[in-house]
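Enquirer: Before I ask anything, let me first share the structure, which is written out below as structure tokens.
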Number of protein chains: 2
Amino acid sequence: MRRFVADKTRNLVRRASTCSPTCPVSPRPHHPPSLLSQPTSPPFSSSSPSHPSSITSPLRFLTAAALHPLSFPASPNSMASNYSTTPVTLQSVNPKVLKCEYAVRGEIVTLAQKLEQDLKQNPDSHPFDEIIYCNIGNPQSLGQQPITFFREVLALCDHPAILDRSETQGLFSADAIERAFQILDQIPGRATGAYSHSQGIKGLRETIAAGIAERDGFPADPNDIFLTDGASPAVHMMMQLLIRSEKDGILCPIPQYPLYSASIALHGGTLVPYYLDEATGWGLEISELKKQLETAKSNGVCVRALVVINPGNPTGQVLAEDNQCEIVEFCKNEGLVLLADEVYQENIYVPDKQFHSFKKVSRSMGYGEKNISLVSFQSVSKGYYGECGKRGGYMEVTGFSPEIREQIYKVASVNLCSNISGQILASLVMNPPKVGDESYESYTGEKDGILSSLAKRAKKGIGMELPQMFPVVMQNGITQ
Amino acid sequence: MRRFVADKTRNLVRRASTCSPTCPVSPRPHHPPSLLSQPTSPPFSSSSPSHPSSITSPLRFLTAAALHPLSFPASPNSMASNYSTTPVTLQSVNPKVLKCEYAVRGEIVTLAQKLEQDLKQNPDSHPFDEIIYCNIGNPQSLGQQPITFFREVLALCDHPAILDRSETQGLFSADAIERAFQILDQIPGRATGAYSHSQGIKGLRETIAAGIAERDGFPADPNDIFLTDGASPAVHMMMQLLIRSEKDGILCPIPQYPLYSASIALHGGTLVPYYLDEATGWGLEISELKKQLETAKSNGVCVRALVVINPGNPTGQVLAEDNQCEIVEFCKNEGLVLLADEVYQENIYVPDKQFHSFKKVSRSMGYGEKNISLVSFQSVSKGYYGECGKRGGYMEVTGFSPEIREQIYKVASVNLCSNISGQILASLVMNPPKVGDESYESYTGEKDGILSSLAKRAKKGIGMELPQMFPVVMQNGITQ
């Protein structure tokens with residue numbers, strides 16, 4: 001018997017069960033409380049109610065730690081005192097780091113780890129024998145298989161020496177071999193072990209831009225693409241660019257993916273929360289955005305950007321196109337950068353909803369490069385691919401002046417480049433096998449299998465179009 | 001005919017030719033000038049002298065951009081004004097980002113790009129037909145081949161489905177297949193596409209710790225290892241931990257690798273320079289450290305850490321063991337964290353010098369976990385492996401209290417984990433094939449070939465034990 005654990009679900013549940021204007025996933029306030037319009041509660045209060053919602057019936061405990069367990073023992077004072085002569089203490093560490101909280105930390109994590117320890121010492125100590133950590137979307141850790149074509153190409157690019165060998169023809173599909181050749185030809189010196197351009201290999205960015213253009217029906221420029229090690233570093237980069245002090249605020253949805261609160265805290269800014277409305281399927285109301293913006297302003301906070309997660313994480317909502325138009329208009333009028341987290345663009349499981357990128361929506365409205373500052377984040381970790389460990393992703397940056405683009409480029413340069421395998425994978429997910437390619441049939445079979453499995457589980461769960469981590473959690477305690 | 005370009009070399013040259021106490025690689029002061037003891041000059045002053053040193057005879061121009069070209073056009077005011085309604089301007093961007101400078105940017109870059117443009121428009125415009133960018137150690141971009149065993153293992157881990165196929169036996173060495181099986185067994189669910197533990201896969205950290213213990217003769221703890229996407233994110237992580245404001249200073253060598261000045265600027269701290277002494281082979285004098293520390297203190301700067309790059313980058317010096325003991329003693333007495341950049345540990349080309357890690361030195365002195373706070377950085381980008389594009393690396397963190405370790409862990413968690421291929425590669429470089437393994441002979445042949453080629457070029461260059469990027473630059477304008 002297994003017991004499942006997921007912080008975000010619990011937060012969702014608490015929000016659902018209380019409907020109070022608290023900020024369940026937000027960290028402890030990392031700014032003077034007076035700056036904020038609404039009281040926030042500690043993220044993992046021990047006073048939370050039990051879980052009455054039907055959503056949670058198969059769930060008992062939540063944790064964030066399994067993939068990120070605390071490796072270090074708890075630190076009683078006696079232990080800490082042994083380190084009294086070492087130079088860094090809780091008093092002298094950067095307070096922004098202290099203020100940062102991440103959902104993988106917290107009370108539930110600690111509880112799950114304690115239960116795990118109990119089980120190690122005595123397998124009969126609880127009516128279950130294993131803790132499964134579902135705190136974060138990590139499908140391959142739960143048995144989802146990678147797409148064969150993608151892995152073939154990655155392996156061939158890792159070891160191009162075998163490309164011309166006859167045995168390779170028997171082991172790899174013909175189009176994977178051809179694609180590997182194409183990609184290697186795009187890399188100066190065919191050197192997959194060399195640092196690339198700081199934005200990523202130009203040819204791969206061209207492939208990605210073509211994929212975006214095909215998706216949106218509007219052109220995309222390879223010079224707008226910054227390839228990154230997953231979406232997280234891209235988010236950090238934008239926060240670093242925008243946040244000057246705690247007087248700078250970023251509008252973030254609640255519930256949210258805790259990367260945003262963590263990144264804002266690390267960069268010393270203020271999270272300005274806006275609350276999604278469960279009654280309308282976790283909808284985003286412009287009136288709520290306006291209200292929170294005005295309150296923040298009256299508290300002396302200069303709001304720089306709006307984070308929108310679409311499809312939502314953890315809520316799974318898919319914004320309607322007219323709602324997106326309102327959001328674009330709001331950002332344009334208020335002078336906000338629109339930070340569009342679009343990493344779940346392939347995870348929609350209901351026929352009546354469709355993903356529209358904010359770039360497509362803004363271009364459809366007639367707004368171009370000079371009208372709206374928009375950053376779209378994408379990742380190879382989500383979708384049907386679920387390649388979390390490869391750390392591939394990109395951001396498409398539009399509507400910034402050349403001199404600001406140079407600043408973004410400079411920040412990207414400081415870490416030299418993102419990993420080349422992740423870059424290659426990002427190009428593959430934006431340009432998968434096409435009809436007529438040898439791998440097309442197996443590719444679509446694998447893809448459809450994964451998506452229909454996720455859809456089935458989403459339906460079983462709570463009937464919403466949830467991101468993939470939720471279906472995994474929601475199926476009566478059994479993973480595939 | 002090729003013309004070579006390398007910022008760092010020029011800086012080295014300028015330092016060599018002027019010997020003035022300027023700060024050639026340091027950015028414009030990112031703190032009130034009064035905080036610093038010595039005047040700093042802009043990094044790429046146009047008033048720099050010509051290059052009289054014999055070191056530079058084959059070099060004419062330096063640039064940083066080829067691998068990191070500016071993708072964006074220069075921005076005349078007329079262009080910028082088109083973006084006058086977009087929300088982010090040079091006036092409203094985070095000033096820390098503006099202050100950050102990175103050697104890949106600057107006057108020389110611009111010049112090289114202009115030359116490149118000239119050549120595109122008219123191939124006869126200059127007495128050379130190509131710009132080769134040698135600003136950063138990137139050996140595979142210049143034709144260095146990766147170690148076959150490493151790439152075999154990476155390819156097999158990327159596509160484990162072929163491990164049991166008979167054709168694989170003919171394509172891959174037996175020990176690579178065996179090693180891939182071993183590594184996959186260490187990964188929960190054999191899922192190379194899953195997020196790992198935030199510090200990296202436990203089994204790989206155990207391998208790395210064993211490699212460190214074998215190198216040093218002192219034990220290493222897998223829980224002290226944080227696997228990172230190259231060394232750069234690890235350096236950022238420590239700067240983030242230590243720097244609270246511009247009143248916090250980090251002692252950095254001049255000349256330095258510009259990651260340090262960039263990272264300190266981005267985190268809003270103060271770079272406290274100490275000058276390496278060319279007369280003693282770019283030696284590190286404790287008296288200089290003390291002088292700079294005292295001056296910084298008298299200017300109100302709280303110095304938190306000392307960065308030592310050993311073997312040196314860009315200078316190539318290798319510290320003597322007794323000098324390292326003095327440095328450890330200095331850090332211990334002054335309450336400084338010792339940040340030891342040891343990424344060039346395999347790049348020593350003279351028989352009378354040997355690399356000793358600071359961990360080994362401090363443990364040899366009898367100092368343990370409670371006496372000295374030490375972080376050692378290592379990367380798969382350097383050494384004979386030169387796998388820059390794989391973005392693998394680690395830091396070994398010792399001498400921090402459990403509660404501070406938790407803070408470091410938390411910061412690592414925010415980006416989830418480093419890329420798994422890079423993690424695997426970091427374990428391979430710390431545990432390469434051994435005598436008796438099928439690949440041993442080819443592995444040592446490839447390794448020795450690369451190292452002797454680097455050594456030859458280092459000797460040809462200026463007779464010092466230089467890091468690998470310099471030999472590449474120094475051979476009369478011809479790369480291999």
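Residues are referred to by chain and number: the chain letter is A, B, ... according to the order shown in the structure tokens, the number counts from 1 in that chain, and ligands are numbered separately from 1 in the order shown.
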With a distance cut-off of 6 Å and only C-alpha atoms, select the neighbouring residues of segment 197-206 of chain B, excluding the residue or stretch itself and same-chain residues fewer than 6 positions from it, and output the selection as a VMD selection string.

Expert: (chain A and resid 67 to 68) or (chain B and resid 186 222 226 to 227 413 416 to 417 427)

Enquirer: Counting only C-alpha atoms, what are the residues of segment 387-453 of chain B within 9 Å of segment 382-406 of chain A, and for each of them which pair of atoms is the nearest and at what distance in Å, to one decimal? Sort the table by chain and rising number, as JSON lines.

Expert:
{"residue": "B:Cys417", "atom": "CA", "partner": "A:Gly389", "partner_atom": "CA", "distance": 7.6}
{"residue": "B:Ser418", "atom": "CA", "partner": "A:Arg391", "partner_atom": "CA", "distance": 7.1}
{"residue": "B:Asn419", "atom": "CA", "partner": "A:Lys390", "partner_atom": "CA", "distance": 5.2}
{"residue": "B:Ile420", "atom": "CA", "partner": "A:Gly389", "partner_atom": "CA", "distance": 5.5}
{"residue": "B:Ser421", "atom": "CA", "partner": "A:Lys390", "partner_atom": "CA", "distance": 7.3}

Enquirer: Any chance you can output those residues with N, CA, C and O atoms as a short mmCIF file (atom, residue, chain, number, x, y, z; two decimals), in the first residue's frame?

Expert:
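Written output follows (again-v6.cif):
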data_model
loop_
_atom_site.label_atom_id
_atom_site.label_comp_id
_atom_site.auth_asym_id
_atom_site.auth_seq_id
_atom_site.Cartn_x
_atom_site.Cartn_y
_atom_site.Cartn_z
N CYS B 417 17.44 20.62 -10.19
CA CYS B 417 18.68 19.82 -10.23
C CYS B 417 19.46 20.21 -11.47
O CYS B 417 18.95 20.88 -12.35
N SER B 418 20.71 19.81 -11.51
CA SER B 418 21.51 20.05 -12.71
C SER B 418 21.22 18.95 -13.72
O SER B 418 20.63 17.91 -13.39
N ASN B 419 21.64 19.14 -14.97
CA ASN B 419 21.29 18.17 -16.02
C ASN B 419 21.99 16.83 -15.77
O ASN B 419 23.14 16.78 -15.35
N ILE B 420 21.25 15.77 -16.04
CA ILE B 420 21.71 14.42 -15.66
C ILE B 420 22.93 13.99 -16.47
O ILE B 420 23.84 13.35 -15.94
N SER B 421 23.00 14.34 -17.75
CA SER B 421 24.19 13.98 -18.54
C SER B 421 25.43 14.62 -17.93
O SER B 421 26.48 13.98 -17.84
#

Enquirer: Find the spatial neighbours of Val318 of chain A, counting only C-alpha atoms, within a cut-off of 7 Å - ignore same-chain residues fewer than 3 positions away - and output them as a PyMOL selection string.

Expert: chain A and resi 310-312+353+355

Enquirer: To one decimal place in Å, what is the distance between atom CA of Lys247 of chain A and atom CA of Glu329 of chain A?

Expert: 24.1 Å

Enquirer: When you look at Gln345 of chain A with a cut-off of 12 Å (counting only C-alpha atoms), what residues show up, excluding the ones that are within fewer than 4 positions of it in the same chain? I need them as a ChimeraX atom specification.

Expert: /A:212,215,309-313,316-319,340-341,349,353-358,376-385,429-430,465-468

Enquirer: Find the residues around segment 237-242 of chain A up to 10 Å (only C-alpha atoms counted), leave out those fewer than 5 positions away in its own chain, and share them as number ranges by chain.

Expert: A: 228, 232, 248-250, 260, 263-269, 303-305, 337, 339, 375, 395, 397, 404, 407-409, 411-412; B: 88, 92-98, 266-267

Enquirer: Between A:Asp221, A:Glu152, A:Asp448, A:Asp175, which residue has the minimum interatomic distance to chain B, considering only C-alpha atoms?

Expert: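 Distance minimum relative to chain B lands on A:Glu152.
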
Enquirer: Just want the 7 Å neighbourhood of Leu276 of chain B, counted on only C-alpha atoms, with same-chain residues fewer than 6 positions away dropped. Output as a list in words.

Expert: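 Contacts, in chain order: Pro253, Ile254, Trp282, Gly283 and Leu284 of chain B.
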
Enquirer: Out of B:Ser373, B:Gln113, B:Gln169, B:Ser261, which residue has the shortest atom-to-atom distance to chain A when counting only C-alpha atoms?

Expert: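 Selected residue with least distance to chain A: B:Ser373.
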
Enquirer: I'd like the interatomic distance between atom CA of Val414 of chain A and atom CA of Gly230 of chain A, to a tenth of an Å.

Expert: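 Going from atom CA of Val414 of chain A over to atom CA of Gly230 of chain A covers 16.7 Å.
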
Enquirer: Per DSSP on the backbone, what are the helix (DSSP H, G or I) residues of segment 153-388 of chain A, as a ChimeraX atom specification?

Expert: /A:153-158,160-162,166-171,174-186,188-190,202-216,222-224,232-242,259-266,278-280,286-298,321-334,358-364,388

Enquirer: As a PDB file with N, CA, C and O atoms, in the first residue's frame, please: every residue in segment 376-427 of chain A that a backbone DSSP assignment puts in strand (DSSP E or B).

Expert:
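In the end it all went to out28.pdb:
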ATOM      1  N   SER A 376       7.841  34.501 -23.095  1.00  0.00           N
ATOM      2  CA  SER A 376       7.154  33.204 -23.010  1.00  0.00           C
ATOM      3  C   SER A 376       8.166  32.141 -22.608  1.00  0.00           C
ATOM      4  O   SER A 376       9.233  32.017 -23.211  1.00  0.00           O
ATOM      5  N   PHE A 377       7.835  31.369 -21.563  1.00  0.00           N
ATOM      6  CA  PHE A 377       8.727  30.314 -21.087  1.00  0.00           C
ATOM      7  C   PHE A 377       8.221  28.952 -21.551  1.00  0.00           C
ATOM      8  O   PHE A 377       7.021  28.664 -21.453  1.00  0.00           O
ATOM      9  N   GLN A 378       9.153  28.134 -22.025  1.00  0.00           N
ATOM     10  CA  GLN A 378       8.806  26.772 -22.419  1.00  0.00           C
ATOM     11  C   GLN A 378       9.892  25.828 -21.876  1.00  0.00           C
ATOM     12  O   GLN A 378      11.028  26.243 -21.635  1.00  0.00           O
ATOM     13  N   SER A 379       9.536  24.577 -21.677  1.00  0.00           N
ATOM     14  CA  SER A 379      10.439  23.620 -21.041  1.00  0.00           C
ATOM     15  C   SER A 379      10.257  22.239 -21.652  1.00  0.00           C
ATOM     16  O   SER A 379       9.152  21.881 -22.069  1.00  0.00           O
ATOM     17  N   GLY A 393      15.058  24.016 -22.151  1.00  0.00           N
ATOM     18  CA  GLY A 393      13.955  24.959 -22.184  1.00  0.00           C
ATOM     19  C   GLY A 393      14.388  26.215 -22.911  1.00  0.00           C
ATOM     20  O   GLY A 393      15.533  26.326 -23.351  1.00  0.00           O
ATOM     21  N   TYR A 394      13.441  27.119 -23.085  1.00  0.00           N
ATOM     22  CA  TYR A 394      13.809  28.392 -23.705  1.00  0.00           C
ATOM     23  C   TYR A 394      12.863  29.478 -23.250  1.00  0.00           C
ATOM     24  O   TYR A 394      11.784  29.188 -22.707  1.00  0.00           O
ATOM     25  N   MET A 395      13.270  30.717 -23.452  1.00  0.00           N
ATOM     26  CA  MET A 395      12.312  31.813 -23.361  1.00  0.00           C
ATOM     27  C   MET A 395      12.356  32.568 -24.675  1.00  0.00           C
ATOM     28  O   MET A 395      13.403  32.695 -25.299  1.00  0.00           O
ATOM     29  N   GLU A 396      11.175  33.009 -25.100  1.00  0.00           N
ATOM     30  CA  GLU A 396      11.073  33.854 -26.289  1.00  0.00           C
ATOM     31  C   GLU A 396      10.817  35.272 -25.785  1.00  0.00           C
ATOM     32  O   GLU A 396       9.824  35.528 -25.101  1.00  0.00           O
ATOM     33  N   VAL A 397      11.755  36.161 -26.102  1.00  0.00           N
ATOM     34  CA  VAL A 397      11.760  37.509 -25.538  1.00  0.00           C
ATOM     35  C   VAL A 397      11.372  38.504 -26.623  1.00  0.00           C
ATOM     36  O   VAL A 397      12.105  38.663 -27.604  1.00  0.00           O
ATOM     37  N   THR A 398      10.234  39.151 -26.467  1.00  0.00           N
ATOM     38  CA  THR A 398       9.806  40.136 -27.476  1.00  0.00           C
ATOM     39  C   THR A 398       9.376  41.428 -26.789  1.00  0.00           C
ATOM     40  O   THR A 398       8.936  41.417 -25.634  1.00  0.00           O
TER      41      THR A 398
END

Enquirer: How many Å lie between atom CA of Glu167 of chain B and atom CA of Ser173 of chain A, rounded to one decimal?

Expert: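 Value for the atom CA of Glu167 of chain B-atom CA of Ser173 of chain A distance: 13.7 Å.
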
Enquirer: Which residue out of A:Leu428, A:Ala220, A:Leu374, A:Ala209 has the minimum interatomic distance to chain B when only C-alpha atoms are used?

Expert: A:Leu374

Enquirer: What's around Glu285 of chain A at 12 Å? Count only C-alpha atoms, leave out sequence neighbours fewer than 4 positions away in its own chain, and write the answer as a list in words.

Expert: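 In the requested format, the answer is Pro253, Tyr274, Tyr275, Leu276, Asp277, Glu278, Ala279, Thr280, Gly281, Leu289, Lys290, Lys291, Gln292, Val308, Leu319, Ala320, Asp322, Asn323, Gln324, Glu326, Ile327 and Phe330 of chain A.
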
Enquirer: Looking at only C-alpha atoms, which of A:Thr207, A:Pro219, A:Asp158, A:Thr148 is the one that sits closest to Gly368 of chain A?

Expert: A:Pro219
